[in-house]
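Novice: Can you keep this structure in mind? I'll have questions shortly.
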Amino acid sequence: MIQIDDTSIQKEDNKTVQNAFRQYHSKKILFFIVVSVLILLLVGIAASFGSYELTLKQVYSTIFLGLFPSFGTADSVASSIIWDIRLPRITMAIISGASLGVAGAIMQGVLRNPLAEPFTLGISSAAAMGASISIIGGVKLFGSYSVVLNSFICAFIATMVIYSIAKTKGMTTEAIILAGIAIMFLLDAVTSFTQYLGTSEQIQAVVFWMMGSVSVANWNAVYFVFSIVLISIPYLIYKASDITIIGSGDETAHSLGINVERVRMRTLIFGALLTASVTAFCGIIGFVGLVSPHITRMIIGGDNRYVIPGSALVGAILLLGADTVARTILAPMILPVGIMTAFVGVPFFMYLFMRKRKELW
């Protein structure tokens with residue numbers, strides 16, 4: 001009679017589970033390390049390009065000595081160029097890309113729609129309307145920050161209106177998307193109407209703002225957007241497991257004790273807050289919120305505990321890379337970064353439709 005050692009079998013099973021667990025997490029950790037290194041490398045490359053060229057060694061040493069002055073003093077010219085001109089723009093591109101990437105991941109997750117992004121809910125259209133009213137209508141309630149604050153306020157008000165409309169329909173994903181599309185068309189009409197009333201100079205200013213650019217970045221703008229990031233992204237990562245479960249369906253999430261409507265509303269509000277803060281300063285930057293989460297999911301899977309921070313890193317490198325190309329490809333002419341992100345995003349957008357699958361999600 002053959003005796004089976006249950007203890008040894010259990011140990012083997014535990015060892016198999018542990019190895020699978022390590023393999024599951026090691027791939028994702030490696031992804032985070034590689035993308036973070038790429039961002040650091042791209043920071044040096046972006047800071048070295050310009051009318052006054054610097055070497056990578058000069059760039060990194062100047063940044064290091066600026067952060068740790070006790071180790072020495074950097075060259076005054078290089079320090080002024082990097083810390084006062086180039087680094088605010090680079091930092092804004094990183095933070096803005098991360099914000100848009102996270103906002104896109106959240107919207108795709110809770111709406112269960114692979115094509116969802118900040119444009120889906122009309123947030124960008126609301127910000128554009130606020131900017132056009134400020135520029136063309138002469139609304140200067142906030143002085144030099146009128147365009148920024150008007151854009152932010154209009155984007156956030158539009159978000160609240162969309163949620164109010166959708167709530168009457170039970171906060172279903174279909175209600176949210178339809179409400180967002182309806183608001184988007186209305187706000188686009190208002191923006192077009194204000195442009196029709198404006199002068200050629202005013203229209204040119206609005207059009208340039210709507211193309212998207214990080215050229216107006218300064219440390220005050222960086223601090224503001226970064227403060228929104230510090231408030232929003234930790235909460236969204238905390239709710240990542242709930243968002244993953246919601247992706248399996250509302251009924252499944254309800255059966256596991258998740259208040260779907262509350263999670264969906266709160267996470268979308270934080271996603272809208274991230275989008276509004278970026279759009280208010282940088283204008284409309286499309287496709288980063290669409291592309292970043294999909295790239296992340298293709299590499300590390302659909303667990304939102306990793307997709308959300310991964311989308312932040314991918315969004316950061318996409319926007320920083322696009323801005324670097326926009327500054328250098330036709331130098332000394334600087335292209336709006338929104339044009340470069342569209343060149344990346346549109347082919348990927350079409351690929352989602354053309355891929356040989358019945359489902360995009």
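The way I read the labels, and the way they are meant: chains A, B, ... in the order of the structure tokens, residue 1 as the first residue of every chain, and ligand 1 as the first ligand shown, with later ones counted on from there.
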For stretch 248-265 of chain A, please output as a ChimeraX atom specification all residues within 12 Å (counting only C-alpha atoms; exclusion window: fewer than 5 positions along the same chain).

Specialist: /A:106-113,159-160,162-164,166-173,176,235-236,238-243,270-272,302-303,361

Novice: Excluding A:Ala126 and its own-chain neighbours fewer than 4 positions away, which residues fall within 12 Å of it when counting only C-alpha atoms? Please give them as JSON, numbers by chain.

Specialist: {"A": [118, 119, 120, 121, 122, 130, 131, 132, 133, 150, 151, 152, 153, 154, 155, 156, 157, 158, 159, 160, 161, 162, 180, 181, 182, 183, 184, 185, 186, 187, 188, 189, 190, 191, 210, 272, 275, 276, 279, 280, 283, 284]}

Novice: Taking into account only C-alpha atoms, which residue in the set A:Ser227, A:Ser96, A:Thr296, A:Ser26 is nearest to A:Asp323?

Specialist: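 Of all the options, A:Ser96 lies closest to A:Asp323.
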
Novice: Quick one: residues within 7 Å of stretch 32-40 of chain A, only C-alpha atoms counted, chain neighbours fewer than 5 positions away excluded, as an MDAnalysis selection string?

Specialist: chainID A and resid 310 313 317

Novice: Under the rule that only C-alpha atoms are counted, which of A:Thr267, A:Gln23, A:Thr244, A:Thr91 is the nearest residue to A:Ser232?

Specialist: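 Looking at the shortest contact to A:Ser232, the residue is A:Thr267.
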
Novice: Counting only C-alpha atoms, which residue out of A:Gly212, A:Gly137, A:Gly44, A:Gly198 sits closest to A:Gly321?

Specialist: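 Closest to A:Gly321, using only C-alpha atoms: A:Gly44.
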
Novice: Write out as a ChimeraX atom specification the residues lying within 8 Å of A:Ile228, counting only C-alpha atoms and excluding same-chain residues fewer than 5 positions away.

Specialist: /A:273-274,277

Novice: Dump C-alpha atoms for the selected residues as a compact mmCIF listing (two decimals), in the first residue's frame?

Specialist:
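Result written to out04.txt:
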```
# COMPACT_ATOMS: atom_id res chain seq x y z
CA LEU A 273 -9.21 67.23 -10.60
CA LEU A 274 -5.92 65.97 -12.05
CA SER A 277 -5.15 71.24 -12.98
```

Novice: Could you state the separation of atom CA of A:Thr73 and atom CA of A:Val59 in Å, given to one decimal place?

Specialist: 13.3 Å

Novice: Quote the spacing between atom CA of A:Val214 and atom CA of A:Ala105 in Å to one decimal place.

Specialist: 22.0 Å

Novice: Given only C-alpha atoms as the basis, pick out the residue of A:Ile299, A:Leu318, A:Val102, A:Val43 nearest to A:Ala116.

Specialist: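 Counting only C-alpha atoms, the residue closest to A:Ala116 is A:Val102.
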
Novice: Find, counting only C-alpha atoms, the residue in A:Trp209, A:Phe287, A:Tyr351, A:Trp219 that gets nearest to A:Ser134.

Specialist: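 Closest to A:Ser134 of all the choices is A:Trp209.
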
Novice: Go through A:Pro293, A:Gly301, A:Gly50, A:Gly286 one by one, measure the shortest atom-to-atom distance of each to A:Ile339 using only C-alpha atoms, and give the residue with the smallest value.

Specialist: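 The shortest atom-to-atom distance to A:Ile339 comes from A:Gly286.
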
Novice: Quick check for you: according to DSSP on this backbone, which residues of stretch 33-109 of chain A are classed as helix (DSSP H, G or I)? Reply as a PyMOL selection string.

Specialist: chain A and resi 33-48+56-67+69-71+76-109
